[in-house]
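Have a look at protein-v9.cif below; it lists mmCIF, C-alpha atoms.
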data_input
loop_
_atom_site.label_atom_id
_atom_site.label_comp_id
_atom_site.auth_asym_id
_atom_site.auth_seq_id
_atom_site.Cartn_x
_atom_site.Cartn_y
_atom_site.Cartn_z
CA MET A 1 -32.89 6.61 -23.50
CA ARG A 2 -31.61 4.58 -26.43
CA ILE A 3 -29.43 1.68 -25.33
CA GLY A 4 -26.61 -0.17 -27.04
CA LEU A 5 -26.56 -3.58 -25.34
CA LEU A 6 -23.26 -5.46 -25.33
CA GLY A 7 -23.89 -9.17 -24.89
CA PHE A 8 -27.07 -11.22 -25.07
CA GLY A 9 -26.47 -13.98 -22.54
CA VAL A 10 -28.24 -14.49 -19.23
CA VAL A 11 -28.09 -10.87 -18.04
CA GLY A 12 -28.25 -9.22 -21.46
CA ARG A 13 -31.43 -11.04 -22.43
CA GLY A 14 -32.92 -10.14 -19.06
CA VAL A 15 -32.18 -6.44 -19.64
CA TYR A 16 -33.80 -6.63 -23.07
CA GLU A 17 -36.93 -8.25 -21.65
CA LEU A 18 -37.27 -5.87 -18.70
CA THR A 19 -36.86 -2.74 -20.81
CA ALA A 20 -39.26 -3.91 -23.54
CA PRO A 21 -42.48 -2.65 -21.90
CA ARG A 22 -40.99 0.68 -20.79
CA ASP A 23 -41.56 4.00 -22.54
CA ASP A 24 -38.47 5.74 -21.15
CA MET A 25 -35.78 3.36 -22.43
CA THR A 26 -35.30 1.23 -25.54
CA VAL A 27 -32.67 -1.32 -26.52
CA ALA A 28 -31.87 -0.04 -29.99
CA LYS A 29 -28.90 -2.23 -30.90
CA VAL A 30 -27.44 -5.46 -29.53
CA VAL A 31 -23.84 -6.54 -30.03
CA CYS A 32 -23.83 -10.32 -30.10
CA LEU A 33 -21.59 -12.88 -31.81
CA GLU A 34 -24.43 -15.38 -32.15
CA ASP A 35 -27.11 -15.21 -34.82
CA VAL A 36 -30.05 -13.66 -32.99
CA THR A 37 -33.09 -12.00 -34.52
CA LEU A 38 -35.07 -9.47 -32.51
CA PRO A 39 -38.27 -7.75 -33.63
CA ASP A 40 -37.44 -4.28 -32.35
CA ALA A 41 -33.65 -4.04 -32.12
CA GLN A 42 -30.79 -4.31 -34.61
CA VAL A 43 -28.38 -7.15 -33.87
CA THR A 44 -24.78 -6.66 -34.94
CA LYS A 45 -21.41 -8.32 -34.39
CA ASP A 46 -19.55 -5.01 -34.71
CA PHE A 47 -19.30 -2.74 -31.65
CA LYS A 48 -18.62 0.23 -33.92
CA ASP A 49 -22.26 0.10 -35.01
CA VAL A 50 -23.09 1.15 -31.43
CA LEU A 51 -20.11 3.44 -30.90
CA ASN A 52 -20.74 5.47 -34.06
CA ASP A 53 -24.51 5.76 -33.62
CA PRO A 54 -25.19 9.27 -32.28
CA THR A 55 -28.73 8.31 -31.26
CA ILE A 56 -27.45 5.79 -28.71
CA ASP A 57 -26.72 7.63 -25.46
CA THR A 58 -26.18 4.69 -23.08
CA VAL A 59 -24.11 1.51 -23.38
CA VAL A 60 -25.09 -1.45 -21.20
CA GLU A 61 -22.17 -3.90 -20.90
CA ALA A 62 -23.33 -7.44 -20.15
CA MET A 63 -20.51 -9.36 -21.83
CA GLY A 64 -18.44 -10.19 -18.78
CA GLY A 65 -14.68 -10.69 -18.68
CA LEU A 66 -12.00 -8.05 -19.10
CA HIS A 67 -11.45 -8.00 -22.85
CA PRO A 68 -12.90 -6.72 -25.08
CA ALA A 69 -15.28 -5.32 -22.45
CA TYR A 70 -12.64 -2.83 -21.25
CA GLU A 71 -11.84 -1.57 -24.75
CA PHE A 72 -15.54 -1.20 -25.62
CA VAL A 73 -16.47 0.59 -22.38
CA LYS A 74 -13.52 2.96 -22.56
CA ALA A 75 -14.31 3.85 -26.17
CA ALA A 76 -17.96 4.45 -25.29
CA ILE A 77 -17.01 6.78 -22.43
CA GLU A 78 -14.67 8.72 -24.70
CA ALA A 79 -17.54 9.03 -27.17
CA GLY A 80 -19.69 10.61 -24.47
CA LYS A 81 -22.01 7.69 -23.80
CA HIS A 82 -23.25 6.72 -20.35
CA ILE A 83 -22.19 3.31 -19.00
CA VAL A 84 -24.15 0.69 -17.07
CA THR A 85 -22.40 -2.61 -16.34
CA SER A 86 -22.74 -5.68 -14.13
CA ASN A 87 -19.07 -6.60 -14.63
CA LYS A 88 -17.34 -6.49 -11.24
CA ALA A 89 -14.00 -7.70 -12.63
CA LEU A 90 -13.97 -4.90 -15.19
CA VAL A 91 -14.78 -2.15 -12.69
CA ALA A 92 -12.47 -3.41 -9.91
CA THR A 93 -9.54 -3.98 -12.29
CA PHE A 94 -9.81 -0.71 -14.22
CA TYR A 95 -11.32 1.46 -11.49
CA ASP A 96 -8.39 3.89 -11.48
CA GLU A 97 -8.86 4.59 -15.16
CA LEU A 98 -12.56 4.25 -16.00
CA ILE A 99 -14.15 6.14 -13.11
CA PRO A 100 -11.99 9.30 -13.47
CA LEU A 101 -12.46 9.13 -17.26
CA ALA A 102 -16.25 9.02 -16.89
CA GLN A 103 -16.15 11.99 -14.54
CA GLU A 104 -13.87 13.88 -16.92
CA LYS A 105 -16.19 13.24 -19.86
CA GLY A 106 -19.28 14.14 -17.84
CA VAL A 107 -21.03 10.80 -18.34
CA CYS A 108 -22.79 8.61 -15.80
CA PHE A 109 -21.20 5.30 -14.78
CA ARG A 110 -23.31 2.84 -12.80
CA CYS A 111 -22.54 -0.76 -11.79
CA THR A 112 -24.99 -1.68 -9.03
CA ALA A 113 -25.47 -5.27 -10.24
CA ALA A 114 -21.71 -5.87 -10.05
CA VAL A 115 -21.93 -6.60 -6.31
CA GLY A 116 -24.81 -8.61 -4.91
CA GLY A 117 -26.63 -9.16 -8.20
CA GLY A 118 -30.22 -8.34 -7.32
CA ILE A 119 -29.62 -6.83 -3.87
CA GLY A 120 -28.87 -3.24 -4.90
CA TRP A 121 -25.93 -3.07 -2.51
CA LEU A 122 -23.87 -0.30 -4.11
CA SER A 123 -26.86 2.04 -4.45
CA GLU A 124 -27.59 1.47 -0.74
CA LEU A 125 -23.97 2.33 0.08
CA GLU A 126 -24.35 5.47 -2.03
CA ARG A 127 -27.32 6.57 0.07
CA ALA A 128 -25.73 5.58 3.38
CA ARG A 129 -22.48 7.47 2.87
CA ARG A 130 -24.39 10.71 2.25
CA MET A 131 -25.47 10.76 5.91
CA GLN A 132 -22.70 9.04 7.85
CA THR A 133 -19.23 7.59 7.87
CA ILE A 134 -19.06 3.98 6.72
CA GLU A 135 -16.76 2.05 9.03
CA LYS A 136 -17.00 -1.49 7.65
CA VAL A 137 -18.35 -3.42 4.66
CA GLY A 138 -18.40 -7.07 3.77
CA GLY A 139 -20.10 -10.39 4.25
CA ILE A 140 -21.18 -13.24 1.97
CA MET A 141 -20.81 -11.99 -1.59
CA ASN A 142 -20.57 -15.16 -3.68
CA GLY A 143 -23.51 -17.50 -4.20
CA THR A 144 -21.42 -20.36 -5.62
CA CYS A 145 -19.22 -20.63 -2.55
CA ASN A 146 -22.16 -20.24 -0.22
CA TYR A 147 -24.03 -23.05 -1.98
CA ILE A 148 -21.05 -25.38 -1.71
CA LEU A 149 -20.39 -24.61 1.95
CA ASP A 150 -24.09 -24.80 2.83
CA SER A 151 -24.41 -28.21 1.11
CA MET A 152 -21.35 -29.52 2.93
CA THR A 153 -22.72 -28.31 6.26
CA ARG A 154 -26.41 -29.25 5.97
CA LEU A 155 -26.25 -32.27 3.69
CA GLY A 156 -22.88 -33.70 4.68
CA LEU A 157 -21.57 -33.65 1.12
CA GLY A 158 -17.88 -33.67 0.28
CA TYR A 159 -16.43 -30.70 -1.57
CA ALA A 160 -16.34 -32.43 -4.98
CA ASP A 161 -19.97 -33.59 -4.72
CA ALA A 162 -21.17 -30.18 -3.52
CA LEU A 163 -19.38 -28.48 -6.40
CA LYS A 164 -20.80 -30.95 -8.92
CA GLN A 165 -24.31 -30.33 -7.60
CA ALA A 166 -23.77 -26.57 -7.85
CA GLN A 167 -22.67 -26.98 -11.46
CA GLN A 168 -25.69 -29.12 -12.32
CA LEU A 169 -28.00 -26.45 -10.90
CA GLY A 170 -26.24 -23.65 -12.77
CA TYR A 171 -24.82 -22.05 -9.62
CA ALA A 172 -21.21 -22.83 -10.60
CA GLU A 173 -19.37 -22.54 -13.91
CA ALA A 174 -17.73 -25.52 -15.63
CA ASN A 175 -14.47 -23.89 -14.55
CA PRO A 176 -15.30 -22.63 -11.05
CA THR A 177 -11.85 -21.24 -10.21
CA THR A 178 -12.84 -17.56 -10.09
CA ASP A 179 -15.56 -18.33 -7.55
CA VAL A 180 -14.02 -21.02 -5.34
CA GLU A 181 -10.61 -19.34 -5.09
CA GLY A 182 -12.33 -16.18 -3.89
CA ILE A 183 -11.45 -13.96 -6.86
CA ASP A 184 -15.06 -12.99 -7.57
CA THR A 185 -15.50 -12.00 -3.92
CA TRP A 186 -12.15 -10.20 -4.01
CA HIS A 187 -13.34 -7.99 -6.88
CA LYS A 188 -16.54 -7.23 -5.00
CA VAL A 189 -14.95 -6.22 -1.71
CA ILE A 190 -12.47 -3.98 -3.54
CA LEU A 191 -15.29 -2.22 -5.35
CA SER A 192 -17.39 -2.01 -2.18
CA SER A 193 -14.50 -0.54 -0.19
CA ASN A 194 -13.78 2.02 -2.89
CA VAL A 195 -17.38 3.22 -2.81
CA ALA A 196 -17.80 3.05 0.97
CA PHE A 197 -14.59 4.84 1.87
CA GLY A 198 -14.17 7.11 -1.17
CA ILE A 199 -10.76 5.64 -2.07
CA ARG A 200 -8.96 3.64 -4.75
CA LEU A 201 -7.65 0.46 -3.16
CA ASP A 202 -4.29 -0.86 -4.24
CA THR A 203 -5.52 -4.29 -5.29
CA ALA A 204 -2.08 -5.85 -4.78
CA THR A 205 -2.43 -5.27 -1.02
CA VAL A 206 -5.75 -7.13 -0.66
CA PRO A 207 -5.14 -10.84 0.15
CA VAL A 208 -7.59 -13.59 -0.73
CA ALA A 209 -8.03 -17.24 0.30
CA GLY A 210 -10.73 -19.44 -1.20
CA ILE A 211 -12.56 -22.64 -0.26
CA SER A 212 -11.20 -25.18 -2.78
CA ARG A 213 -9.06 -26.98 -0.16
CA ILE A 214 -11.84 -27.54 2.36
CA GLN A 215 -12.63 -31.15 3.29
CA ALA A 216 -15.56 -32.91 4.91
CA THR A 217 -13.44 -33.52 8.02
CA ASP A 218 -13.03 -29.76 8.39
CA VAL A 219 -16.80 -29.27 8.35
CA GLU A 220 -17.19 -32.03 10.95
CA ASN A 221 -14.66 -30.19 13.13
CA PHE A 222 -16.57 -26.93 12.76
CA THR A 223 -19.94 -28.52 13.56
CA ALA A 224 -18.52 -30.19 16.67
CA HIS A 225 -17.50 -26.75 17.95
CA GLY A 226 -20.79 -25.02 17.06
CA LEU A 227 -19.32 -23.19 14.07
CA VAL A 228 -20.26 -22.75 10.42
CA CYS A 229 -17.79 -21.93 7.64
CA LYS A 230 -18.60 -19.15 5.17
CA LEU A 231 -16.48 -17.24 2.66
CA ILE A 232 -16.45 -13.74 4.15
CA SER A 233 -15.14 -10.50 2.71
CA THR A 234 -14.03 -7.63 4.93
CA GLY A 235 -13.29 -3.98 4.25
CA LYS A 236 -12.68 -1.60 7.17
CA CYS A 237 -11.71 1.99 7.71
CA LYS A 238 -10.45 2.74 11.22
CA ASP A 239 -8.35 5.66 12.37
CA GLY A 240 -7.66 6.57 8.76
CA LYS A 241 -6.28 3.12 7.93
CA ILE A 242 -7.87 0.72 5.47
CA SER A 243 -7.90 -3.06 5.77
CA ALA A 244 -9.42 -5.40 3.19
CA TYR A 245 -9.29 -9.16 2.68
CA VAL A 246 -11.26 -12.28 1.72
CA GLN A 247 -11.04 -15.58 3.59
CA PRO A 248 -13.07 -18.55 4.86
CA THR A 249 -14.41 -17.57 8.25
CA LEU A 250 -15.98 -19.55 11.09
CA VAL A 251 -19.11 -17.94 12.51
CA LYS A 252 -21.12 -19.19 15.47
CA GLN A 253 -24.30 -21.14 14.81
CA GLY A 254 -27.15 -18.68 15.26
CA GLU A 255 -25.32 -15.69 13.80
CA PRO A 256 -27.07 -14.20 10.71
CA GLU A 257 -24.31 -15.31 8.32
CA SER A 258 -24.48 -18.92 9.55
CA ALA A 259 -28.08 -19.30 8.37
CA VAL A 260 -27.67 -17.96 4.81
CA PRO A 261 -28.76 -20.87 2.58
CA ALA A 262 -28.02 -22.07 -0.95
CA ASN A 263 -26.80 -19.38 -3.37
CA TYR A 264 -27.94 -16.36 -1.34
CA ASN A 265 -25.83 -13.40 -0.27
CA LEU A 266 -25.81 -11.42 2.98
CA ILE A 267 -23.87 -8.17 2.70
CA THR A 268 -23.42 -5.71 5.55
CA PHE A 269 -22.18 -2.24 6.28
CA VAL A 270 -21.55 -0.65 9.67
CA GLY A 271 -22.17 3.09 9.77
CA SER A 272 -21.37 5.70 12.38
CA ALA A 273 -25.07 6.53 12.76
CA SER A 274 -26.93 3.44 11.58
CA ASP A 275 -24.61 0.82 13.11
CA ARG A 276 -25.04 -2.56 11.35
CA MET A 277 -27.34 -2.83 8.34
CA SER A 278 -27.49 -6.05 6.30
CA PHE A 279 -28.91 -6.79 2.85
CA TYR A 280 -30.06 -10.26 1.89
CA GLY A 281 -31.03 -11.67 -1.49
CA GLN A 282 -29.99 -13.56 -4.56
CA GLY A 283 -26.53 -12.66 -5.73
CA ALA A 284 -27.03 -13.83 -9.30
CA GLY A 285 -29.65 -14.91 -11.81
CA ARG A 286 -31.12 -13.39 -14.95
CA TYR A 287 -33.91 -11.26 -13.56
CA PRO A 288 -32.47 -10.29 -10.15
CA THR A 289 -29.29 -9.04 -11.85
CA ALA A 290 -31.02 -7.48 -14.86
CA TYR A 291 -33.40 -5.72 -12.48
CA ASN A 292 -30.55 -3.70 -11.00
CA VAL A 293 -29.05 -3.02 -14.42
CA VAL A 294 -32.36 -1.47 -15.49
CA GLN A 295 -32.55 0.38 -12.16
CA ASP A 296 -29.17 1.88 -13.05
CA CYS A 297 -30.52 2.94 -16.43
CA ALA A 298 -33.36 4.70 -14.61
CA ASP A 299 -30.77 6.42 -12.38
CA VAL A 300 -28.87 7.56 -15.47
CA LEU A 301 -32.08 9.17 -16.70
CA LEU A 302 -32.09 11.09 -13.41
CA GLY A 303 -28.50 12.19 -14.01
CA LYS A 304 -26.87 10.10 -11.27
CA GLY A 305 -23.14 9.62 -11.75
CA PHE A 306 -20.83 7.30 -9.84
CA TYR A 307 -21.62 6.38 -6.24
CA SER A 308 -18.78 8.24 -4.52
CA PRO A 309 -15.81 10.48 -5.25
CA CYS A 310 -12.80 8.75 -6.79
CA GLY A 311 -10.37 9.32 -3.93
CA GLU A 312 -6.67 8.76 -3.42
CA LYS A 313 -4.84 5.50 -4.00
CA VAL A 314 -4.60 3.60 -0.71
CA ALA A 315 -2.79 0.42 0.33
CA ALA A 316 -4.59 -1.95 2.67
CA GLU A 317 -2.86 -2.46 6.02
CA ASN A 318 -4.08 -5.84 7.24
CA THR A 319 -2.82 -5.71 10.80
CA ASP A 320 -6.05 -7.09 12.35
CA THR A 321 -5.19 -10.03 14.61
CA LEU A 322 -7.36 -13.16 14.47
CA CYS A 323 -7.16 -16.79 15.51
CA TYR A 324 -7.16 -19.25 12.61
CA TYR A 325 -8.14 -22.85 12.05
CA VAL A 326 -5.33 -24.40 9.99
CA ARG A 327 -5.12 -27.90 8.51
CA GLY A 328 -1.97 -28.91 6.66
CA GLY A 329 1.37 -27.26 6.13
CA MET A 330 2.77 -27.54 9.64
CA ASP A 331 6.15 -25.80 9.97
CA ALA A 332 8.18 -23.95 12.59
CA TRP A 333 6.17 -20.71 12.26
CA LEU A 334 2.86 -22.48 12.67
CA GLN A 335 4.16 -24.54 15.60
CA GLU A 336 5.27 -21.36 17.37
CA ASN A 337 1.83 -19.85 16.84
CA THR A 338 -0.33 -22.86 17.74
CA ALA A 339 -2.69 -22.47 20.69
CA GLU A 340 -4.62 -25.76 20.57
CA THR A 341 -5.30 -28.81 18.41
CA TRP A 342 -8.56 -29.89 16.77
CA GLY A 343 -7.94 -33.37 15.38
CA ASP A 344 -5.59 -33.01 12.41
CA ALA A 345 -5.91 -29.23 12.54
CA VAL A 346 -4.70 -26.51 14.88
CA ILE A 347 -6.04 -23.23 16.17
CA THR A 348 -3.48 -20.46 16.12
CA LYS A 349 -2.76 -17.81 18.65
CA PRO A 350 -3.89 -14.35 17.46
CA VAL A 351 -1.87 -13.52 14.34
CA SER A 352 -2.23 -10.70 11.84
CA VAL A 353 -4.25 -11.26 8.68
CA GLU A 354 -1.20 -10.18 6.70
CA ALA A 355 1.06 -12.74 8.40
CA MET A 356 -1.44 -15.58 7.97
CA HIS A 357 -1.91 -14.95 4.25
CA ARG A 358 1.83 -14.52 3.74
CA TRP A 359 2.35 -17.95 5.34
CA LEU A 360 -0.43 -19.48 3.22
CA LYS A 361 1.24 -18.48 -0.06
CA ASP A 362 3.99 -21.05 0.56
CA GLN A 363 1.58 -23.82 1.68
CA PRO A 364 -0.19 -25.24 -1.39
CA GLU A 365 -1.99 -27.96 0.61
CA ALA A 366 -3.10 -25.93 3.62
CA PHE A 367 -6.65 -24.80 4.36
CA ILE A 368 -7.32 -21.87 6.66
CA ALA A 369 -10.43 -20.36 8.19
CA ALA A 370 -10.47 -17.37 10.51
CA LEU A 371 -12.46 -17.44 13.73
CA ALA A 372 -14.86 -14.50 13.52
CA GLU A 373 -14.19 -11.60 15.84
#
Can you give me the file's structure in the form of structure tokens?
Amino acid sequence: MRIGLLGFGVVGRGVYELTAPRDDMTVAKVVCLEDVTLPDAQVTKDFKDVLNDPTIDTVVEAMGGLHPAYEFVKAAIEAGKHIVTSNKALVATFYDELIPLAQEKGVCFRCTAAVGGGIGWLSELERARRMQTIEKVGGIMNGTCNYILDSMTRLGLGYADALKQAQQLGYAEANPTTDVEGIDTWHKVILSSNVAFGIRLDTATVPVAGISRIQATDVENFTAHGLVCKLISTGKCKDGKISAYVQPTLVKQGEPESAVPANYNLITFVGSASDRMSFYGQGAGRYPTAYNVVQDCADVLLGKGFYSPCGEKVAAENTDTLCYYVRGGMDAWLQENTAETWGDAVITKPVSVEAMHRWLKDQPEAFIAALAE
């Protein structure tokens, strides 16, 4: 395998280093805007040097972002090159186009590192769905949010201090919006649901709530009631109906999710035969992520295509009813649906996920957290 590597940042450099000692794959060219000199690979700033090289059979996209990653990946597929990427935003956003195109062109498309970094989650889903029906996927999928929430819970930090600490340690970006508003997790649960259920989720029907509005007083409330807050993703298939959403969720102390520390992930599927199976590990980092990118390259050598069929377009129906912790934004609807009061916050009667998120859209100061089922 001769690889055209797009990007030479944290993950790209890790891929280069992990493939260097191998005999079955070689990074032949690297597309990088910085001036980098490598002893055994050509470095170029022009993607066409990879696209038009007939000796390069596989493109590894490690640039991140949507553009120009989308344009480069699409062009590579059309040129008959296999694709390996760790870019969850790219795959979730352009799933409807890129996956059918890869299948049409007869090329492999792998993106295991896009969800769970070093865990190998999507390849495990691929194996699981061969033998059983997957009923549910989800869990803790974002290390940045987990680090912040864990620091607030264990160390008593406020949100701003926990975020600053995460940034200093490299767990959070200078602009953390994609992580703390749940968008990163949103991409991951969409992609996971597509693979698990063999569908194409209508992304507009998948609601998301992040953790940026949480306060230290909320965490004190949770601790007093034996609960821990985590950002949890959920994708379910029941009676032919799909539900999918991302939201802060309160789990009981002692539950597996409650104990996940620092920047770790804990991702779970429930299968008709296996019941619950959970996968724990680092969700980011150079070598954990690059490890699964190189694993995907090895799978391409074995001729493995995408993880599941690209099924029909499906809208999520988020009719699950849950009780919610809500602080801020009190109005007539919330008053009608309040069951009890926790200090400045309330606990709602059971309301649908759809209704709760619809209410939240008009409440810029409110923080919500679902009570786990």
Contacts of range 14-21 of chain A within 8 Å, all atoms listed in the file, excl. fewer than 3 positions in-chain, as a list of chain:residue names
A:Val10, A:Val11, A:Met25, A:Thr26, A:Val27, A:Arg286, A:Tyr287, A:Ala290, A:Tyr291, A:Val293, A:Val294
Select, from A:Ala75, A:Val189, A:Cys145, A:Val195, the residue with the minimum atom-to-atom distance to Glu126 in chain A, counting all atoms listed in the file.
A:Val195
Using all atoms listed in the file, find each residue of range 159-205 of chain A with at least one atom at most 9 Å away from an atom of range 222-233 of chain A; report its shortest atom-to-atom pair and that distance in Å (one decimal), sort the rows by chain and rising residue number, and return the result as JSON lines.
{"residue": "A:Gly182", "atom": "CA", "partner": "A:Leu231", "partner_atom": "CA", "distance": 7.8}
{"residue": "A:Thr185", "atom": "CA", "partner": "A:Ser233", "partner_atom": "CA", "distance": 6.8}
{"residue": "A:Trp186", "atom": "CA", "partner": "A:Ser233", "partner_atom": "CA", "distance": 7.4}
{"residue": "A:Lys188", "atom": "CA", "partner": "A:Ser233", "partner_atom": "CA", "distance": 8.5}
{"residue": "A:Val189", "atom": "CA", "partner": "A:Ser233", "partner_atom": "CA", "distance": 6.2}
CA of Lys313 in chain A sits from CA of Lys74 in chain A at a separation of 20.6 Å
Could you write out as an mmCIF file with C-alpha atoms, in the frame of the given file the residues that the PyMOL selection byres ((chain A and resi 132) around 7) matches in the shown file?
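Writing done, so here's part_10.cif:
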data_model
loop_
_atom_site.group_PDB
_atom_site.id
_atom_site.type_symbol
_atom_site.label_atom_id
_atom_site.label_comp_id
_atom_site.auth_asym_id
_atom_site.auth_seq_id
_atom_site.Cartn_x
_atom_site.Cartn_y
_atom_site.Cartn_z
ATOM 1 C CA ALA A 128 -25.730 5.580 3.380
ATOM 2 C CA ARG A 129 -22.480 7.470 2.870
ATOM 3 C CA ARG A 130 -24.390 10.710 2.250
ATOM 4 C CA MET A 131 -25.470 10.760 5.910
ATOM 5 C CA THR A 133 -19.230 7.590 7.870
ATOM 6 C CA ILE A 134 -19.060 3.980 6.720
ATOM 7 C CA GLY A 271 -22.170 3.090 9.770
ATOM 8 C CA SER A 272 -21.370 5.700 12.380
ATOM 9 C CA ALA A 273 -25.070 6.530 12.760
#
Excluding Pro256 in chain A and residues on its chain fewer than 3 positions from it, collect all residues at most 12 Å away from it, counting all atoms listed in the file, and give them as a PDB file with C-alpha atoms, in the frame of the given file.
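out.pdb written:
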ATOM      1  CA  GLY A 139     -20.100 -10.390   4.250  1.00  0.00           C
ATOM      2  CA  ILE A 140     -21.180 -13.240   1.970  1.00  0.00           C
ATOM      3  CA  VAL A 228     -20.260 -22.750  10.420  1.00  0.00           C
ATOM      4  CA  LYS A 230     -18.600 -19.150   5.170  1.00  0.00           C
ATOM      5  CA  VAL A 251     -19.110 -17.940  12.510  1.00  0.00           C
ATOM      6  CA  LYS A 252     -21.120 -19.190  15.470  1.00  0.00           C
ATOM      7  CA  GLN A 253     -24.300 -21.140  14.810  1.00  0.00           C
ATOM      8  CA  ALA A 259     -28.080 -19.300   8.370  1.00  0.00           C
ATOM      9  CA  VAL A 260     -27.670 -17.960   4.810  1.00  0.00           C
ATOM     10  CA  PRO A 261     -28.760 -20.870   2.580  1.00  0.00           C
ATOM     11  CA  ASN A 265     -25.830 -13.400  -0.270  1.00  0.00           C
ATOM     12  CA  LEU A 266     -25.810 -11.420   2.980  1.00  0.00           C
ATOM     13  CA  ILE A 267     -23.870  -8.170   2.700  1.00  0.00           C
ATOM     14  CA  THR A 268     -23.420  -5.710   5.550  1.00  0.00           C
ATOM     15  CA  ARG A 276     -25.040  -2.560  11.350  1.00  0.00           C
ATOM     16  CA  MET A 277     -27.340  -2.830   8.340  1.00  0.00           C
ATOM     17  CA  SER A 278     -27.490  -6.050   6.300  1.00  0.00           C
ATOM     18  CA  PHE A 279     -28.910  -6.790   2.850  1.00  0.00           C
ATOM     19  CA  TYR A 280     -30.060 -10.260   1.890  1.00  0.00           C
TER      20      TYR A 280
END
In terms of the shortest atom-to-atom distance over all atoms listed in the file, which of A:Ile148, A:Cys323, A:Val73, A:Ala209 is closest to Phe367 in chain A?
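Closest residue, counting all atoms listed in the file: A:Ala209.
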Just want the 7 Å neighbourhood of range 120-125 of chain A, counted on only C-alpha atoms, with same-chain residues fewer than 6 positions away dropped. Output as an MDAnalysis selection string.
chainID A and resid 112:113 192 196 292
What does the distance from CA of Thr58 in chain A to CA of Ala76 in chain A come to in Å, to one decimal?
8.5 Å
Selection near Asp35 in chain A, 10 Å with all atoms listed in the file, sequence-local residues under 4 positions removed, as a ChimeraX atom specification:
/A:43-45
Distance criterion (all atoms listed in the file): nearest to Ile211 in chain A out of A:Gln295, A:Thr55, A:Thr153, A:Asn146:
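Under the stated criterion, the closest residue is A:Asn146.
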Quick one: everything within 7 Å of range 100-105 of chain A, counting only C-alpha atoms, minus sequence neighbours fewer than 2 positions away in the same chain. Send it as a ChimeraX atom specification.
/A:77-78,80,96-98,107-109,310
Separation of CA of Leu334 in chain A from CA of Pro350 in chain A, in Å and rounded to one decimal:
11.6 Å
What do you get, as an MDAnalysis selection string, if you spell out every residue that the PyMOL selection byres ((chain A and resi 5) around 7) selects here?
chainID A and resid 3:4 6:7 27 29:31 59:61
Using all atoms listed in the file, find the one residue out of A:Ala370, A:Val353, A:Val326, A:Ala284 that sits nearest to Gly116 in chain A.
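Between A:Ala370, A:Val353, A:Val326, A:Ala284, the residue approaching Gly116 in chain A most closely is A:Ala284.
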Rank nothing, just name the residue among A:Glu373, A:Leu301, A:Gly328, A:Asp320 nearest to Asp218 in chain A, using all atoms listed in the file.
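For Asp218 in chain A, the nearest of the given residues is A:Gly328.
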